[in-house]
file structure.cif (mmCIF, N, CA, C and O atoms)
data_entry
loop_
_atom_site.label_atom_id
_atom_site.label_comp_id
_atom_site.auth_asym_id
_atom_site.auth_seq_id
_atom_site.Cartn_x
_atom_site.Cartn_y
_atom_site.Cartn_z
N MET A 1 41.65 40.31 -86.57
CA MET A 1 40.70 39.25 -86.80
C MET A 1 40.75 38.84 -88.29
O MET A 1 40.76 37.64 -88.59
N GLN A 2 40.80 39.84 -89.13
CA GLN A 2 40.86 39.55 -90.56
C GLN A 2 42.17 38.83 -90.90
O GLN A 2 42.17 37.88 -91.68
N ARG A 3 43.28 39.27 -90.30
CA ARG A 3 44.58 38.64 -90.54
C ARG A 3 44.54 37.14 -90.19
O ARG A 3 45.17 36.32 -90.85
N ALA A 4 43.77 36.77 -89.17
CA ALA A 4 43.67 35.37 -88.72
C ALA A 4 42.62 34.59 -89.50
O ALA A 4 42.41 33.41 -89.22
N GLY A 5 41.97 35.24 -90.44
CA GLY A 5 40.91 34.55 -91.19
C GLY A 5 39.69 34.27 -90.35
O GLY A 5 38.94 33.36 -90.62
N TRP A 6 39.50 35.06 -89.29
CA TRP A 6 38.37 34.93 -88.38
C TRP A 6 38.35 33.58 -87.68
O TRP A 6 37.31 33.08 -87.28
N GLN A 7 39.53 32.95 -87.53
CA GLN A 7 39.65 31.66 -86.85
C GLN A 7 40.55 31.84 -85.63
O GLN A 7 41.53 32.59 -85.67
N CYS A 8 40.22 31.15 -84.55
CA CYS A 8 41.01 31.20 -83.32
C CYS A 8 42.46 30.81 -83.61
O CYS A 8 42.73 29.85 -84.33
N GLU A 9 43.40 31.56 -83.06
CA GLU A 9 44.82 31.30 -83.28
C GLU A 9 45.47 30.50 -82.15
O GLU A 9 46.69 30.34 -82.12
N TRP A 10 44.70 29.98 -81.21
CA TRP A 10 45.23 29.18 -80.11
C TRP A 10 45.75 27.86 -80.66
O TRP A 10 45.07 27.17 -81.40
N MET A 11 46.97 27.51 -80.29
CA MET A 11 47.54 26.23 -80.70
C MET A 11 47.24 25.20 -79.61
O MET A 11 47.63 25.38 -78.45
N ARG A 12 46.53 24.16 -79.97
CA ARG A 12 46.13 23.14 -79.01
C ARG A 12 47.32 22.29 -78.59
O ARG A 12 48.08 21.82 -79.43
N ALA A 13 47.48 22.08 -77.28
CA ALA A 13 48.60 21.29 -76.75
C ALA A 13 48.41 19.81 -77.06
O ALA A 13 49.39 19.09 -77.28
N ASP A 14 47.16 19.33 -77.12
CA ASP A 14 46.93 17.90 -77.32
C ASP A 14 47.17 17.45 -78.76
O ASP A 14 47.61 16.33 -79.00
N THR A 15 46.91 18.33 -79.73
CA THR A 15 47.06 17.94 -81.13
C THR A 15 48.16 18.72 -81.86
O THR A 15 48.58 18.32 -82.93
N GLY A 16 48.56 19.86 -81.28
CA GLY A 16 49.53 20.72 -81.96
C GLY A 16 48.92 21.49 -83.11
O GLY A 16 49.62 22.14 -83.88
N GLN A 17 47.60 21.39 -83.24
CA GLN A 17 46.89 22.06 -84.32
C GLN A 17 46.22 23.33 -83.81
O GLN A 17 45.98 23.49 -82.62
N ARG A 18 45.88 24.20 -84.73
CA ARG A 18 45.18 25.43 -84.40
C ARG A 18 43.72 25.12 -84.06
O ARG A 18 43.11 24.23 -84.67
N CYS A 19 43.18 25.82 -83.07
CA CYS A 19 41.78 25.64 -82.68
C CYS A 19 40.88 25.92 -83.89
O CYS A 19 41.06 26.94 -84.56
N PRO A 20 39.90 25.07 -84.17
CA PRO A 20 39.04 25.26 -85.34
C PRO A 20 37.88 26.24 -85.13
O PRO A 20 37.15 26.54 -86.07
N GLU A 21 37.70 26.74 -83.92
CA GLU A 21 36.56 27.62 -83.62
C GLU A 21 36.73 29.00 -84.25
O GLU A 21 37.84 29.46 -84.53
N ALA A 22 35.60 29.67 -84.41
CA ALA A 22 35.61 31.04 -84.94
C ALA A 22 36.16 32.00 -83.88
O ALA A 22 35.87 31.86 -82.69
N ALA A 23 36.95 32.95 -84.31
CA ALA A 23 37.52 33.94 -83.39
C ALA A 23 36.45 34.98 -83.07
O ALA A 23 35.71 35.42 -83.95
N SER A 24 36.39 35.35 -81.79
CA SER A 24 35.43 36.37 -81.38
C SER A 24 36.09 37.47 -80.55
O SER A 24 35.49 38.51 -80.32
N ASP A 25 37.32 37.23 -80.07
CA ASP A 25 37.99 38.16 -79.18
C ASP A 25 39.40 38.46 -79.69
O ASP A 25 40.04 37.61 -80.29
N CYS A 26 39.86 39.68 -79.40
CA CYS A 26 41.23 40.07 -79.73
C CYS A 26 42.02 40.03 -78.42
O CYS A 26 41.61 40.62 -77.43
N ASP A 27 43.15 39.33 -78.42
CA ASP A 27 43.93 39.09 -77.21
C ASP A 27 45.32 39.70 -77.33
O ASP A 27 45.92 39.67 -78.40
N HIS A 28 45.81 40.25 -76.22
CA HIS A 28 47.20 40.71 -76.15
C HIS A 28 48.07 39.50 -75.82
O HIS A 28 47.86 38.86 -74.79
N VAL A 29 49.04 39.19 -76.66
CA VAL A 29 49.94 38.06 -76.42
C VAL A 29 50.71 38.32 -75.13
O VAL A 29 50.78 37.47 -74.25
N VAL A 30 51.30 39.51 -75.01
CA VAL A 30 51.97 39.94 -73.79
C VAL A 30 51.08 40.99 -73.15
O VAL A 30 50.82 42.04 -73.76
N PRO A 31 50.55 40.74 -71.94
CA PRO A 31 49.64 41.70 -71.30
C PRO A 31 50.27 43.09 -71.17
O PRO A 31 51.48 43.23 -70.98
N GLY A 32 49.44 44.11 -71.30
CA GLY A 32 49.91 45.48 -71.16
C GLY A 32 49.25 46.40 -72.17
O GLY A 32 48.18 46.10 -72.70
N ASP A 33 49.92 47.50 -72.46
CA ASP A 33 49.36 48.52 -73.34
C ASP A 33 49.94 48.49 -74.75
O ASP A 33 49.76 49.44 -75.50
N ASP A 34 50.64 47.43 -75.12
CA ASP A 34 51.19 47.32 -76.47
C ASP A 34 50.10 46.81 -77.41
O ASP A 34 49.76 45.63 -77.38
N HIS A 35 49.55 47.71 -78.21
CA HIS A 35 48.46 47.36 -79.12
C HIS A 35 48.96 47.15 -80.55
O HIS A 35 48.18 47.23 -81.49
N SER A 36 50.25 46.89 -80.72
CA SER A 36 50.79 46.68 -82.06
C SER A 36 50.28 45.34 -82.60
O SER A 36 50.03 44.40 -81.84
N PRO A 37 50.11 45.25 -83.92
CA PRO A 37 49.59 44.01 -84.51
C PRO A 37 50.39 42.76 -84.14
O PRO A 37 49.82 41.69 -84.01
N SER A 38 51.69 42.90 -83.92
CA SER A 38 52.50 41.73 -83.56
C SER A 38 52.20 41.21 -82.16
O SER A 38 52.54 40.08 -81.82
N ASN A 39 51.55 42.03 -81.32
CA ASN A 39 51.20 41.62 -79.96
C ASN A 39 49.72 41.26 -79.83
O ASN A 39 49.24 41.02 -78.74
N LEU A 40 49.01 41.19 -80.92
CA LEU A 40 47.58 40.87 -80.89
C LEU A 40 47.32 39.58 -81.65
O LEU A 40 47.98 39.28 -82.63
N ARG A 41 46.35 38.82 -81.15
CA ARG A 41 45.93 37.61 -81.86
C ARG A 41 44.44 37.41 -81.65
O ARG A 41 43.85 37.87 -80.68
N ALA A 42 43.84 36.69 -82.59
CA ALA A 42 42.41 36.41 -82.54
C ALA A 42 42.19 35.10 -81.79
O ALA A 42 42.86 34.11 -82.06
N LEU A 43 41.27 35.10 -80.83
CA LEU A 43 40.94 33.90 -80.07
C LEU A 43 39.44 33.71 -80.00
O LEU A 43 38.68 34.68 -80.04
N CYS A 44 39.01 32.46 -79.83
CA CYS A 44 37.60 32.19 -79.55
C CYS A 44 37.35 32.60 -78.09
O CYS A 44 38.30 32.79 -77.32
N SER A 45 36.11 32.75 -77.71
CA SER A 45 35.81 33.23 -76.35
C SER A 45 36.32 32.24 -75.29
O SER A 45 36.77 32.65 -74.22
N TYR A 46 36.28 30.94 -75.57
CA TYR A 46 36.75 29.95 -74.60
C TYR A 46 38.25 30.13 -74.34
O TYR A 46 38.68 30.22 -73.19
N HIS A 47 39.05 30.16 -75.37
CA HIS A 47 40.50 30.27 -75.19
C HIS A 47 40.91 31.64 -74.66
O HIS A 47 41.89 31.76 -73.93
N HIS A 48 40.15 32.68 -74.99
CA HIS A 48 40.45 34.00 -74.42
C HIS A 48 40.21 33.96 -72.91
O HIS A 48 40.99 34.51 -72.13
N GLY A 49 39.17 33.27 -72.47
CA GLY A 49 38.90 33.13 -71.03
C GLY A 49 39.99 32.33 -70.33
O GLY A 49 40.39 32.66 -69.22
N VAL A 50 40.47 31.26 -70.98
CA VAL A 50 41.55 30.45 -70.42
C VAL A 50 42.79 31.33 -70.23
O VAL A 50 43.42 31.33 -69.17
N LYS A 51 43.16 32.06 -71.26
CA LYS A 51 44.37 32.89 -71.21
C LYS A 51 44.23 34.01 -70.19
O LYS A 51 45.13 34.26 -69.39
N SER A 52 43.08 34.68 -70.17
CA SER A 52 42.87 35.78 -69.23
C SER A 52 42.86 35.30 -67.79
O SER A 52 43.41 35.94 -66.90
N GLY A 53 42.26 34.14 -67.55
CA GLY A 53 42.25 33.57 -66.20
C GLY A 53 43.65 33.21 -65.73
O GLY A 53 44.01 33.45 -64.58
N ARG A 54 44.45 32.64 -66.62
CA ARG A 54 45.82 32.29 -66.27
C ARG A 54 46.63 33.56 -65.97
O ARG A 54 47.36 33.62 -65.00
N ASP A 55 46.47 34.59 -66.81
CA ASP A 55 47.19 35.85 -66.59
C ASP A 55 46.80 36.48 -65.25
O ASP A 55 47.65 36.95 -64.51
N GLY A 56 45.51 36.45 -64.92
CA GLY A 56 45.04 37.02 -63.66
C GLY A 56 45.56 36.25 -62.46
O GLY A 56 45.96 36.83 -61.45
N GLY A 57 45.58 34.93 -62.57
CA GLY A 57 46.10 34.10 -61.48
C GLY A 57 47.58 34.34 -61.24
O GLY A 57 48.04 34.41 -60.10
N MET A 58 48.33 34.49 -62.33
CA MET A 58 49.77 34.74 -62.19
C MET A 58 50.02 36.11 -61.59
O MET A 58 50.92 36.28 -60.75
N ALA A 59 49.22 37.10 -61.98
CA ALA A 59 49.39 38.44 -61.42
C ALA A 59 49.06 38.45 -59.93
O ALA A 59 49.75 39.08 -59.12
N ALA A 60 48.02 37.73 -59.54
CA ALA A 60 47.65 37.67 -58.13
C ALA A 60 48.72 36.95 -57.32
O ALA A 60 49.07 37.38 -56.21
N ALA A 61 49.25 35.86 -57.86
CA ALA A 61 50.28 35.11 -57.16
C ALA A 61 51.55 35.93 -57.00
O ALA A 61 52.24 35.84 -55.98
N ALA A 62 51.87 36.75 -57.98
CA ALA A 62 53.07 37.58 -57.92
C ALA A 62 52.95 38.63 -56.81
O ALA A 62 53.97 39.05 -56.25
N GLY A 63 51.73 39.01 -56.47
CA GLY A 63 51.52 40.02 -55.44
C GLY A 63 51.51 39.47 -54.02
O GLY A 63 51.54 40.23 -53.07
N ARG A 64 51.47 38.15 -53.88
CA ARG A 64 51.43 37.54 -52.55
C ARG A 64 52.83 37.38 -51.98
O ARG A 64 53.77 37.06 -52.70
N LYS A 65 52.95 37.54 -50.68
CA LYS A 65 54.22 37.33 -49.99
C LYS A 65 54.25 35.92 -49.44
O LYS A 65 53.25 35.44 -48.94
N PRO A 66 55.42 35.23 -49.51
CA PRO A 66 55.50 33.91 -48.88
C PRO A 66 55.22 34.03 -47.38
O PRO A 66 55.77 34.90 -46.72
N GLY A 67 54.36 33.19 -46.87
CA GLY A 67 54.01 33.25 -45.45
C GLY A 67 53.08 34.39 -45.13
O GLY A 67 52.87 34.73 -43.98
N GLY A 68 52.50 35.01 -46.16
CA GLY A 68 51.60 36.14 -45.97
C GLY A 68 50.27 35.73 -45.36
O GLY A 68 50.07 34.58 -44.96
N ARG A 69 49.34 36.63 -45.35
CA ARG A 69 48.06 36.44 -44.67
C ARG A 69 47.32 35.17 -45.11
O ARG A 69 46.73 34.48 -44.30
N TYR A 70 47.34 34.87 -46.40
CA TYR A 70 46.58 33.72 -46.89
C TYR A 70 47.46 32.54 -47.29
O TYR A 70 47.04 31.65 -48.00
N SER A 71 48.66 32.51 -46.81
CA SER A 71 49.58 31.43 -47.15
C SER A 71 49.18 30.13 -46.44
O SER A 71 48.71 30.14 -45.31
N ARG A 72 49.38 29.00 -47.12
CA ARG A 72 49.13 27.70 -46.50
C ARG A 72 50.25 27.33 -45.53
O ARG A 72 50.14 26.39 -44.79
N LEU A 73 51.35 28.10 -45.56
CA LEU A 73 52.47 27.80 -44.68
C LEU A 73 52.27 28.37 -43.28
O LEU A 73 53.00 28.04 -42.36
N ARG A 74 51.31 29.23 -43.13
CA ARG A 74 51.12 29.92 -41.87
C ARG A 74 49.74 29.55 -41.30
O ARG A 74 48.76 29.51 -42.02
N LYS A 75 49.68 29.30 -40.00
CA LYS A 75 48.41 28.97 -39.37
C LYS A 75 47.51 30.21 -39.39
O LYS A 75 47.94 31.30 -39.01
N PRO A 76 46.24 30.07 -39.83
CA PRO A 76 45.35 31.22 -39.84
C PRO A 76 45.03 31.68 -38.42
O PRO A 76 44.99 30.86 -37.49
N PRO A 77 44.83 32.97 -38.23
CA PRO A 77 44.51 33.46 -36.88
C PRO A 77 43.14 32.94 -36.43
O PRO A 77 42.28 32.65 -37.25
N GLU A 78 42.98 32.79 -35.13
CA GLU A 78 41.67 32.36 -34.61
C GLU A 78 40.67 33.49 -34.79
O GLU A 78 41.00 34.65 -34.71
N HIS A 79 39.45 33.10 -35.01
CA HIS A 79 38.38 34.08 -35.18
C HIS A 79 38.19 34.83 -33.85
O HIS A 79 38.19 34.22 -32.78
N PRO A 80 38.04 36.17 -33.91
CA PRO A 80 37.94 36.93 -32.66
C PRO A 80 36.72 36.58 -31.82
O PRO A 80 36.71 36.78 -30.62
N GLY A 81 35.70 35.98 -32.43
CA GLY A 81 34.51 35.62 -31.67
C GLY A 81 34.54 34.20 -31.14
O GLY A 81 33.58 33.73 -30.54
N TYR A 82 35.66 33.50 -31.34
CA TYR A 82 35.78 32.12 -30.89
C TYR A 82 35.89 32.06 -29.37
O TYR A 82 36.69 32.72 -28.76
N VAL A 83 35.05 31.23 -28.77
CA VAL A 83 35.08 31.06 -27.31
C VAL A 83 35.52 29.62 -27.03
O VAL A 83 34.92 28.66 -27.51
N ALA A 84 36.57 29.48 -26.22
CA ALA A 84 37.10 28.14 -25.94
C ALA A 84 36.35 27.47 -24.83
O ALA A 84 35.78 27.98 -23.97
#
call {"tool": "encode", "arguments": {"input": "structure.cif", "output": "structure tokens"}}
result
Amino acid sequence: MQRAGWQCEWMRADTGQRCPEAASDCDHVVPGDDHSPSNLRALCSYHHGVKSGRDGGMAAAAGRKPGGRYSRLRKPPEHPGYVA
């Protein structure tokens, strides 16, 4: 946090500039157990949430099988209580 000057290190896609908000969270650039300073950056709570949500979504998608239980490619099973 001190290395970043207590400012969010997220680079904005719309302006190419660094986010002006105050940093409140420490983020792993590459998810995992590497806590080395080169893999850590300071982010504001908003951008940390954006990054964490994206990482979680990618991890969940990687665990799904094509045509699996919740795939849009496969018709969902009928509810067992459905009466025709």
call {"tool": "closest_residue", "arguments": {"input": "structure.cif", "among": "A:Asp25, A:Arg54, A:Gly63, A:Glu78", "to": "A:Arg41", "atoms": "only C-alpha atoms"}}
result
A:Asp25
call {"tool": "resolve_selection", "arguments": {"input": "structure.cif", "expression": "the PyMOL selection byres ((chain A and resi 26) around 8)", "output": "compact mmCIF listing (two decimals) with N, CA, C and O atoms, keeping the file's coordinate frame"}}
result
# COMPACT_ATOMS: atom_id res chain seq x y z
N MET A 1 41.65 40.31 -86.57
CA MET A 1 40.70 39.25 -86.80
C MET A 1 40.75 38.84 -88.29
O MET A 1 40.76 37.64 -88.59
N ALA A 23 36.95 32.95 -84.31
CA ALA A 23 37.52 33.94 -83.39
C ALA A 23 36.45 34.98 -83.07
O ALA A 23 35.71 35.42 -83.95
N SER A 24 36.39 35.35 -81.79
CA SER A 24 35.43 36.37 -81.38
C SER A 24 36.09 37.47 -80.55
O SER A 24 35.49 38.51 -80.32
N ASP A 25 37.32 37.23 -80.07
CA ASP A 25 37.99 38.16 -79.18
C ASP A 25 39.40 38.46 -79.69
O ASP A 25 40.04 37.61 -80.29
N ASP A 27 43.15 39.33 -78.42
CA ASP A 27 43.93 39.09 -77.21
C ASP A 27 45.32 39.70 -77.33
O ASP A 27 45.92 39.67 -78.40
N HIS A 28 45.81 40.25 -76.22
CA HIS A 28 47.20 40.71 -76.15
C HIS A 28 48.07 39.50 -75.82
O HIS A 28 47.86 38.86 -74.79
N VAL A 29 49.04 39.19 -76.66
CA VAL A 29 49.94 38.06 -76.42
C VAL A 29 50.71 38.32 -75.13
O VAL A 29 50.78 37.47 -74.25
N ASN A 39 51.55 42.03 -81.32
CA ASN A 39 51.20 41.62 -79.96
C ASN A 39 49.72 41.26 -79.83
O ASN A 39 49.24 41.02 -78.74
N LEU A 40 49.01 41.19 -80.92
CA LEU A 40 47.58 40.87 -80.89
C LEU A 40 47.32 39.58 -81.65
O LEU A 40 47.98 39.28 -82.63
N ARG A 41 46.35 38.82 -81.15
CA ARG A 41 45.93 37.61 -81.86
C ARG A 41 44.44 37.41 -81.65
O ARG A 41 43.85 37.87 -80.68
N ALA A 42 43.84 36.69 -82.59
CA ALA A 42 42.41 36.41 -82.54
C ALA A 42 42.19 35.10 -81.79
O ALA A 42 42.86 34.11 -82.06
N LEU A 43 41.27 35.10 -80.83
CA LEU A 43 40.94 33.90 -80.07
C LEU A 43 39.44 33.71 -80.00
O LEU A 43 38.68 34.68 -80.04
N CYS A 44 39.01 32.46 -79.83
CA CYS A 44 37.60 32.19 -79.55
C CYS A 44 37.35 32.60 -78.09
O CYS A 44 38.30 32.79 -77.32
N HIS A 48 40.15 32.68 -74.99
CA HIS A 48 40.45 34.00 -74.42
C HIS A 48 40.21 33.96 -72.91
O HIS A 48 40.99 34.51 -72.13
call {"tool": "select_by_dssp", "arguments": {"input": "structure.cif", "residues": "chain A", "states": "alpha helix (DSSP H)", "output": "list in words"}}
result
Ser45, Tyr46, His47, His48, Gly49, Val50, Lys51, Ser52, Gly53, Arg54, Asp55, Gly56, Gly57, Met58, Ala59, Ala60, Ala61, Ala62 and Gly63 of chain A
call {"tool": "atom_distance", "arguments": {"input": "structure.cif", "atom1": "atom O of A:Cys8", "atom2": "atom CA of A:Ala60"}}
result
27.8 Å
call {"tool": "closest_residue", "arguments": {"input": "structure.cif", "among": "A:Gly49, A:Pro80, A:Pro37, A:Gly57", "to": "A:Arg3", "atoms": "only C-alpha atoms"}}
result
A:Pro37
call {"tool": "atom_distance", "arguments": {"input": "structure.cif", "atom1": "atom N of A:Ser36", "atom2": "atom CA of A:Met11"}}
result
20.8 Å
call {"tool": "atom_distance", "arguments": {"input": "structure.cif", "atom1": "atom O of A:Gln2", "atom2": "atom N of A:Asp55"}}
result
25.5 Å
call {"tool": "closest_residue", "arguments": {"input": "structure.cif", "among": "A:Val50, A:Ala22, A:Met58, A:Val30", "to": "A:Trp6", "atoms": "only N, CA, C and O atoms"}}
result
A:Ala22
call {"tool": "select_by_dssp", "arguments": {"input": "structure.cif", "residues": "stretch 2-78 of chain A", "states": "strand (DSSP E)", "output": "list of chain:residue names"}}
result
A:Asp25, A:Cys26, A:Asp27, A:His28, A:Leu40, A:Arg41, A:Ala42, A:Leu43
call {"tool": "resolve_selection", "arguments": {"input": "structure.cif", "expression": "the PyMOL selection byres (((chain A and resi 19 and name CA) around 8) and name CA)", "output": "list in words"}}
result
Gln7, Cys8, Glu9, Trp10, Met11, Arg12, Gln17, Arg18, Pro20 and Glu21 of chain A
call {"tool": "decode", "arguments": {"input": "structure.cif", "residues": "stretch 21-42 of chain A", "atoms": "N, CA and C atoms", "output": "mmCIF file, in the first residue's frame"}}
result
data_model
loop_
_atom_site.group_PDB
_atom_site.id
_atom_site.type_symbol
_atom_site.label_atom_id
_atom_site.label_comp_id
_atom_site.auth_asym_id
_atom_site.auth_seq_id
_atom_site.Cartn_x
_atom_site.Cartn_y
_atom_site.Cartn_z
ATOM 1 N N GLU A 21 -8.882 6.851 -6.919
ATOM 2 C CA GLU A 21 -9.408 6.544 -5.587
ATOM 3 C C GLU A 21 -8.312 6.060 -4.631
ATOM 4 N N ALA A 22 -8.597 6.187 -3.351
ATOM 5 C CA ALA A 22 -7.667 5.707 -2.326
ATOM 6 C C ALA A 22 -7.685 4.180 -2.288
ATOM 7 N N ALA A 23 -6.528 3.585 -2.122
ATOM 8 C CA ALA A 23 -6.422 2.125 -2.041
ATOM 9 C C ALA A 23 -6.859 1.671 -0.654
ATOM 10 N N SER A 24 -7.627 0.584 -0.632
ATOM 11 C CA SER A 24 -8.074 0.040 0.650
ATOM 12 C C SER A 24 -7.808 -1.462 0.746
ATOM 13 N N ASP A 25 -7.501 -2.108 -0.384
ATOM 14 C CA ASP A 25 -7.337 -3.558 -0.416
ATOM 15 C C ASP A 25 -6.027 -3.927 -1.106
ATOM 16 N N CYS A 26 -5.452 -5.048 -0.674
ATOM 17 C CA CYS A 26 -4.258 -5.587 -1.310
ATOM 18 C C CYS A 26 -4.702 -6.770 -2.172
ATOM 19 N N ASP A 27 -4.322 -6.767 -3.444
ATOM 20 C CA ASP A 27 -4.787 -7.753 -4.414
ATOM 21 C C ASP A 27 -3.631 -8.571 -4.954
ATOM 22 N N HIS A 28 -3.883 -9.868 -5.171
ATOM 23 C CA HIS A 28 -2.922 -10.724 -5.856
ATOM 24 C C HIS A 28 -3.120 -10.541 -7.356
ATOM 25 N N VAL A 29 -2.091 -10.140 -8.073
ATOM 26 C CA VAL A 29 -2.179 -9.959 -9.524
ATOM 27 C C VAL A 29 -2.508 -11.300 -10.163
ATOM 28 N N VAL A 30 -1.756 -12.335 -9.799
ATOM 29 C CA VAL A 30 -2.026 -13.698 -10.243
ATOM 30 C C VAL A 30 -2.576 -14.448 -9.039
ATOM 31 N N PRO A 31 -3.827 -14.928 -9.088
ATOM 32 C CA PRO A 31 -4.418 -15.611 -7.934
ATOM 33 C C PRO A 31 -3.564 -16.797 -7.472
ATOM 34 N N GLY A 32 -3.564 -17.019 -6.167
ATOM 35 C CA GLY A 32 -2.819 -18.142 -5.605
ATOM 36 C C GLY A 32 -2.137 -17.753 -4.308
ATOM 37 N N ASP A 33 -1.089 -18.490 -3.984
ATOM 38 C CA ASP A 33 -0.393 -18.296 -2.711
ATOM 39 C C ASP A 33 0.914 -17.529 -2.844
ATOM 40 N N ASP A 34 1.155 -16.884 -3.974
ATOM 41 C CA ASP A 34 2.377 -16.095 -4.152
ATOM 42 C C ASP A 34 2.167 -14.720 -3.530
ATOM 43 N N HIS A 35 2.757 -14.505 -2.361
ATOM 44 C CA HIS A 35 2.599 -13.247 -1.637
ATOM 45 C C HIS A 35 3.801 -12.329 -1.830
ATOM 46 N N SER A 36 4.583 -12.542 -2.880
ATOM 47 C CA SER A 36 5.750 -11.693 -3.124
ATOM 48 C C SER A 36 5.271 -10.300 -3.548
ATOM 49 N N PRO A 37 6.048 -9.272 -3.215
ATOM 50 C CA PRO A 37 5.642 -7.904 -3.554
ATOM 51 C C PRO A 37 5.349 -7.696 -5.045
ATOM 52 N N SER A 38 6.027 -8.428 -5.917
ATOM 53 C CA SER A 38 5.786 -8.260 -7.355
ATOM 54 C C SER A 38 4.422 -8.800 -7.787
ATOM 55 N N ASN A 39 3.788 -9.630 -6.947
ATOM 56 C CA ASN A 39 2.470 -10.184 -7.269
ATOM 57 C C ASN A 39 1.355 -9.488 -6.495
ATOM 58 N N LEU A 40 1.663 -8.422 -5.805
ATOM 59 C CA LEU A 40 0.659 -7.702 -5.014
ATOM 60 C C LEU A 40 0.499 -6.287 -5.540
ATOM 61 N N ARG A 41 -0.735 -5.791 -5.479
ATOM 62 C CA ARG A 41 -0.984 -4.396 -5.838
ATOM 63 C C ARG A 41 -2.097 -3.847 -4.967
ATOM 64 N N ALA A 42 -2.101 -2.532 -4.827
ATOM 65 C CA ALA A 42 -3.097 -1.844 -4.015
ATOM 66 C C ALA A 42 -4.281 -1.471 -4.900
#
